[in-house]
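J.: The structure that follows is given in the form of structure tokens.
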Amino acid sequence: MFEEGGRLKQIHGADKVYDFSLGNPNVPPPDIVREKLIELAKSEEPGKHAYMPNAGLPSTRAAMSAFLCGEYCVSMAQDRIIATCGAAGGLNIIFKALLDPGDEVICPAPYFVEYGFYTDNHGGVLKPVPTKSDFTLDLDRIKQAIGPKTKVILINSPNNPTGQIYSAESLSRLGGILREKSRESGHTIYLVSDEPYRKIVYDKQAVPCIFQHYTNSLITSSYSKDLSIPGERIGFVAVGPDIDEPSAVLDALTLANRILGFVNAPAIMQRLVVELQGVCVDVNIYKRKRDRLVEALTSFGYELTVPGGAFYLFPRSPLPDDIQFVKLLQEENILVVPGTGFGGPGHFRIAYCVDDRIIEGALPGFERVIKAAKSK
């Protein structure tokens, strides 16, 4: 879709193409990010570009841990934190640490398409399980999907591509299922939560912490969306305070951080986030974009679940074939992604982290295409 956008822009001009295909934050980083980067660049601290312990700088992990104690409402010692190359790096070291060849990773669908590749990287097998019609967890289906090879349940809240936030009640029930299934299987089944959108939430909602609902849990997150710095690749893995065999898990994560080639999260970025814990872009900017699109698309006749977080809409396709519908939108120079690619056929994803002019410019095309689709 990125390449298609480039091709269409060459033909029609960049201002005539409405690209909603990539989840690339368009809100600029908070001013303090630039200020701290300049300060760091000018610093003459010796060794500021040097290697550090594989789990990250002690000062960075201490700052993360102090903030996360309040964020997660649990005791979070700094030795339970691993600094990573973003949440993607975090997921890869988790899977390298936890999976044996043939182990299964269950995740609710729709899901971020790269999960399948991350799982396969480490010999695992991804098993998507459909969610309910409003994209909330279907716990009965998850329970039925758990088998002797299940090692990890992977969730993403707020979810990409749906923006759904999984409730504390559903996580508590999921924890109960995993305790039962771990006893039955004779091995630990881990719950892993991918949370790069944790702070991008609306309508006074909050993302529940899985540590409060299941002991054998790990969280990976990043500062990509909080601070609008996705290209800087800085995140972390947080290991549950009461996880089984903590030393073995932490040692495996730390080793994986090195042997997968990450070695360390970038040194300057580790230093940057020390003083930026809890800082976030203005989420109301994204909320206004969400509300404008929801209002317009529903008035045109699109069916959708209003997302509680992230910066995506996942409307139902007016045609059964979502790929065909996306091609119709391309004829209007509107670029979105078919839901089939996310394990959610019959839908399409709109990434609304774009300039307002793109949203306003695309609305007439969205209206024309749904009218044409419904007339067929």
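Following the order of the structure tokens, chains are lettered A, B, ..., residues in each are numbered from 1, and ligands are numbered from 1.
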Just want the 9 Å neighbourhood of Gly5 of chain A, counted on only C-alpha atoms, with same-chain residues fewer than 5 positions away dropped. Output as a PDB file with N, CA and C atoms, in the first residue's frame.

T.:
```pdb
ATOM      1  N   GLN A  10       2.540  10.252  -7.669  1.00  0.00           N
ATOM      2  CA  GLN A  10       3.267  10.688  -8.864  1.00  0.00           C
ATOM      3  C   GLN A  10       2.318  11.022 -10.002  1.00  0.00           C
ATOM      4  N   ALA A  14       0.492  14.750  -4.746  1.00  0.00           N
ATOM      5  CA  ALA A  14       0.372  14.300  -3.354  1.00  0.00           C
ATOM      6  C   ALA A  14      -0.895  14.810  -2.681  1.00  0.00           C
ATOM      7  N   VAL A  17      -4.140  12.508  -3.183  1.00  0.00           N
ATOM      8  CA  VAL A  17      -4.134  11.117  -2.723  1.00  0.00           C
ATOM      9  C   VAL A  17      -4.345  11.107  -1.214  1.00  0.00           C
ATOM     10  N   TYR A  18      -5.258  10.245  -0.756  1.00  0.00           N
ATOM     11  CA  TYR A  18      -5.668  10.234   0.656  1.00  0.00           C
ATOM     12  C   TYR A  18      -5.242   8.902   1.271  1.00  0.00           C
ATOM     13  N   ASP A  19      -4.081   8.950   1.906  1.00  0.00           N
ATOM     14  CA  ASP A  19      -3.415   7.722   2.335  1.00  0.00           C
ATOM     15  C   ASP A  19      -3.669   7.453   3.817  1.00  0.00           C
ATOM     16  N   SER A  21      -3.166   4.258   4.990  1.00  0.00           N
ATOM     17  CA  SER A  21      -2.707   2.869   5.048  1.00  0.00           C
ATOM     18  C   SER A  21      -1.722   2.596   6.170  1.00  0.00           C
ATOM     19  N   ASN A 333      -8.595   7.366  -5.149  1.00  0.00           N
ATOM     20  CA  ASN A 333      -7.301   7.743  -4.569  1.00  0.00           C
ATOM     21  C   ASN A 333      -7.305   7.689  -3.038  1.00  0.00           C
ATOM     22  N   ILE A 334      -8.131   6.810  -2.493  1.00  0.00           N
ATOM     23  CA  ILE A 334      -8.179   6.586  -1.044  1.00  0.00           C
ATOM     24  C   ILE A 334      -7.499   5.256  -0.757  1.00  0.00           C
ATOM     25  N   LEU A 335      -6.495   5.285   0.089  1.00  0.00           N
ATOM     26  CA  LEU A 335      -5.739   4.073   0.413  1.00  0.00           C
ATOM     27  C   LEU A 335      -6.045   3.634   1.832  1.00  0.00           C
TER      28      LEU A 335
END
```

J.: Determine, counting only C-alpha atoms, which protein, DNA and RNA residues have an atom within 12 Å of an atom of Arg173 of chain A; residues of the same chain fewer than 6 positions away are not included. Present the result as a PyMOL selection string.

T.: chain A and resi 137-140+142-143+166-167+179-180+210+212-214

J.: Output N, CA and C atoms of each residue in that selection to a file, as a PDB file, in the first residue's frame.

T.:
```pdb
ATOM      1  N   LEU A 137     -12.997  -9.870  23.532  1.00  0.00           N
ATOM      2  CA  LEU A 137     -12.480 -11.240  23.595  1.00  0.00           C
ATOM      3  C   LEU A 137     -13.608 -12.263  23.629  1.00  0.00           C
ATOM      4  N   ASP A 138     -13.482 -13.297  22.818  1.00  0.00           N
ATOM      5  CA  ASP A 138     -14.388 -14.440  22.887  1.00  0.00           C
ATOM      6  C   ASP A 138     -13.690 -15.504  23.730  1.00  0.00           C
ATOM      7  N   LEU A 139     -13.929 -15.460  25.027  1.00  0.00           N
ATOM      8  CA  LEU A 139     -13.191 -16.307  25.965  1.00  0.00           C
ATOM      9  C   LEU A 139     -13.509 -17.791  25.782  1.00  0.00           C
ATOM     10  N   ASP A 140     -14.717 -18.099  25.375  1.00  0.00           N
ATOM     11  CA  ASP A 140     -15.053 -19.504  25.134  1.00  0.00           C
ATOM     12  C   ASP A 140     -14.221 -20.068  23.988  1.00  0.00           C
ATOM     13  N   ILE A 142     -11.292 -18.921  22.969  1.00  0.00           N
ATOM     14  CA  ILE A 142      -9.900 -19.000  23.406  1.00  0.00           C
ATOM     15  C   ILE A 142      -9.682 -20.263  24.234  1.00  0.00           C
ATOM     16  N   LYS A 143     -10.611 -20.529  25.132  1.00  0.00           N
ATOM     17  CA  LYS A 143     -10.486 -21.724  25.976  1.00  0.00           C
ATOM     18  C   LYS A 143     -10.464 -22.993  25.132  1.00  0.00           C
ATOM     19  N   TYR A 166      -9.519  -4.275  25.933  1.00  0.00           N
ATOM     20  CA  TYR A 166     -10.065  -5.434  26.630  1.00  0.00           C
ATOM     21  C   TYR A 166     -10.312  -5.082  28.092  1.00  0.00           C
ATOM     22  N   SER A 167     -11.495  -5.405  28.579  1.00  0.00           N
ATOM     23  CA  SER A 167     -11.933  -4.976  29.910  1.00  0.00           C
ATOM     24  C   SER A 167     -11.229  -5.762  31.018  1.00  0.00           C
ATOM     25  N   ARG A 179      -4.956 -20.250  34.338  1.00  0.00           N
ATOM     26  CA  ARG A 179      -4.544 -21.016  35.514  1.00  0.00           C
ATOM     27  C   ARG A 179      -5.036 -22.463  35.409  1.00  0.00           C
ATOM     28  N   GLU A 180      -6.278 -22.610  34.989  1.00  0.00           N
ATOM     29  CA  GLU A 180      -6.851 -23.951  34.830  1.00  0.00           C
ATOM     30  C   GLU A 180      -6.111 -24.755  33.761  1.00  0.00           C
ATOM     31  N   ILE A 210      -2.532  -6.383  33.064  1.00  0.00           N
ATOM     32  CA  ILE A 210      -2.688  -7.838  33.137  1.00  0.00           C
ATOM     33  C   ILE A 210      -2.027  -8.422  34.381  1.00  0.00           C
ATOM     34  N   GLN A 212      -2.404  -7.678  37.305  1.00  0.00           N
ATOM     35  CA  GLN A 212      -3.387  -7.779  38.386  1.00  0.00           C
ATOM     36  C   GLN A 212      -4.357  -8.943  38.183  1.00  0.00           C
ATOM     37  N   HIS A 213      -4.285  -9.586  37.022  1.00  0.00           N
ATOM     38  CA  HIS A 213      -5.258 -10.631  36.697  1.00  0.00           C
ATOM     39  C   HIS A 213      -4.636 -11.998  36.444  1.00  0.00           C
ATOM     40  N   TYR A 214      -3.312 -12.033  36.206  1.00  0.00           N
ATOM     41  CA  TYR A 214      -2.669 -13.312  35.941  1.00  0.00           C
ATOM     42  C   TYR A 214      -1.193 -13.197  36.262  1.00  0.00           C
TER      43      TYR A 214
END
```

J.: Show me, as a PyMOL selection string, the residues that have an atom within 12 Å of Pro128 of chain A when counting only C-alpha atoms, minus same-chain residues fewer than 6 positions from it.

T.: chain A and resi 104-113+115-116+119+137-138+141-142+145-146+152-155+342-344

J.: Pull C-alpha atoms from the residues just selected and write them as a short mmCIF file (atom, residue, chain, number, x, y, z; two decimals), in the first residue's frame.

T.:
```
data_model
loop_
_atom_site.label_atom_id
_atom_site.label_comp_id
_atom_site.auth_asym_id
_atom_site.auth_seq_id
_atom_site.Cartn_x
_atom_site.Cartn_y
_atom_site.Cartn_z
CA GLU A 104 1.60 -22.38 19.79
CA VAL A 105 0.81 -18.71 20.32
CA ILE A 106 -2.91 -17.95 20.48
CA CYS A 107 -4.03 -14.41 19.67
CA PRO A 108 -7.43 -12.78 19.19
CA ALA A 109 -8.26 -11.85 15.60
CA PRO A 110 -8.19 -9.27 14.07
CA TYR A 111 -4.51 -8.90 14.94
CA PHE A 112 -1.38 -7.03 13.87
CA VAL A 113 -0.20 -8.95 10.81
CA TYR A 115 2.59 -11.37 14.86
CA GLY A 116 2.65 -14.36 12.53
CA THR A 119 6.09 -16.20 16.07
CA LEU A 137 -12.48 -11.24 23.59
CA ASP A 138 -14.39 -14.44 22.89
CA ARG A 141 -13.25 -19.75 21.80
CA ILE A 142 -9.90 -19.00 23.41
CA ALA A 145 -8.29 -23.30 21.25
CA ILE A 146 -5.85 -23.98 24.10
CA VAL A 152 1.55 -18.08 24.99
CA ILE A 153 -1.67 -16.11 24.76
CA LEU A 154 -0.86 -12.82 23.01
CA ILE A 155 -3.17 -9.84 23.34
CA PHE A 342 -5.37 -8.61 9.78
CA GLY A 343 -7.36 -11.81 10.07
CA GLY A 344 -10.59 -9.78 9.93
#
```

J.: Quote the spacing between atom CA of Asn257 of chain A and atom CA of Ser217 of chain A in Å to one decimal place.

T.: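 Atom CA of Asn257 of chain A sits 18.5 Å away from atom CA of Ser217 of chain A.
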
J.: For Gly361 of chain A, work out the shell of residues within 9 Å, counting only C-alpha atoms and skipping chain neighbours fewer than 4 positions away, then give it as a ChimeraX atom specification.

T.: /A:15-18,356-357,365

J.: Of the candidates A:Val369, A:Cys73, A:Leu319, A:Leu126, which shows the shortest atom-to-atom distance to Glu331 of chain A, using only C-alpha atoms?

T.: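 Distance minimum relative to Glu331 of chain A lands on A:Val369.
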
J.: Could you name the residues that touch Leu293 of chain A at 9 Å or less, counting only C-alpha atoms, but leaving out those on the same chain fewer than 6 positions away, as a ChimeraX atom specification?

T.: /A:313,352,359-360,363

J.: Please identify all polymer residues within 8 Å of segment 76-83 of chain A, counting only C-alpha atoms, omitting same-chain residues fewer than 3 positions from it, and present them as a list in words.

T.: Ala55, Gly56, Leu57, Pro58, Thr60, Arg61, Ala62, Met64, Ser65, Ala66, Leu68, Cys69, Ile234, Gly235, Phe236, Val237, Ala238, Val239, Gly240, Pro241, Leu250, Leu253, Thr254, Asn264, Ala265 and Gln270 of chain A
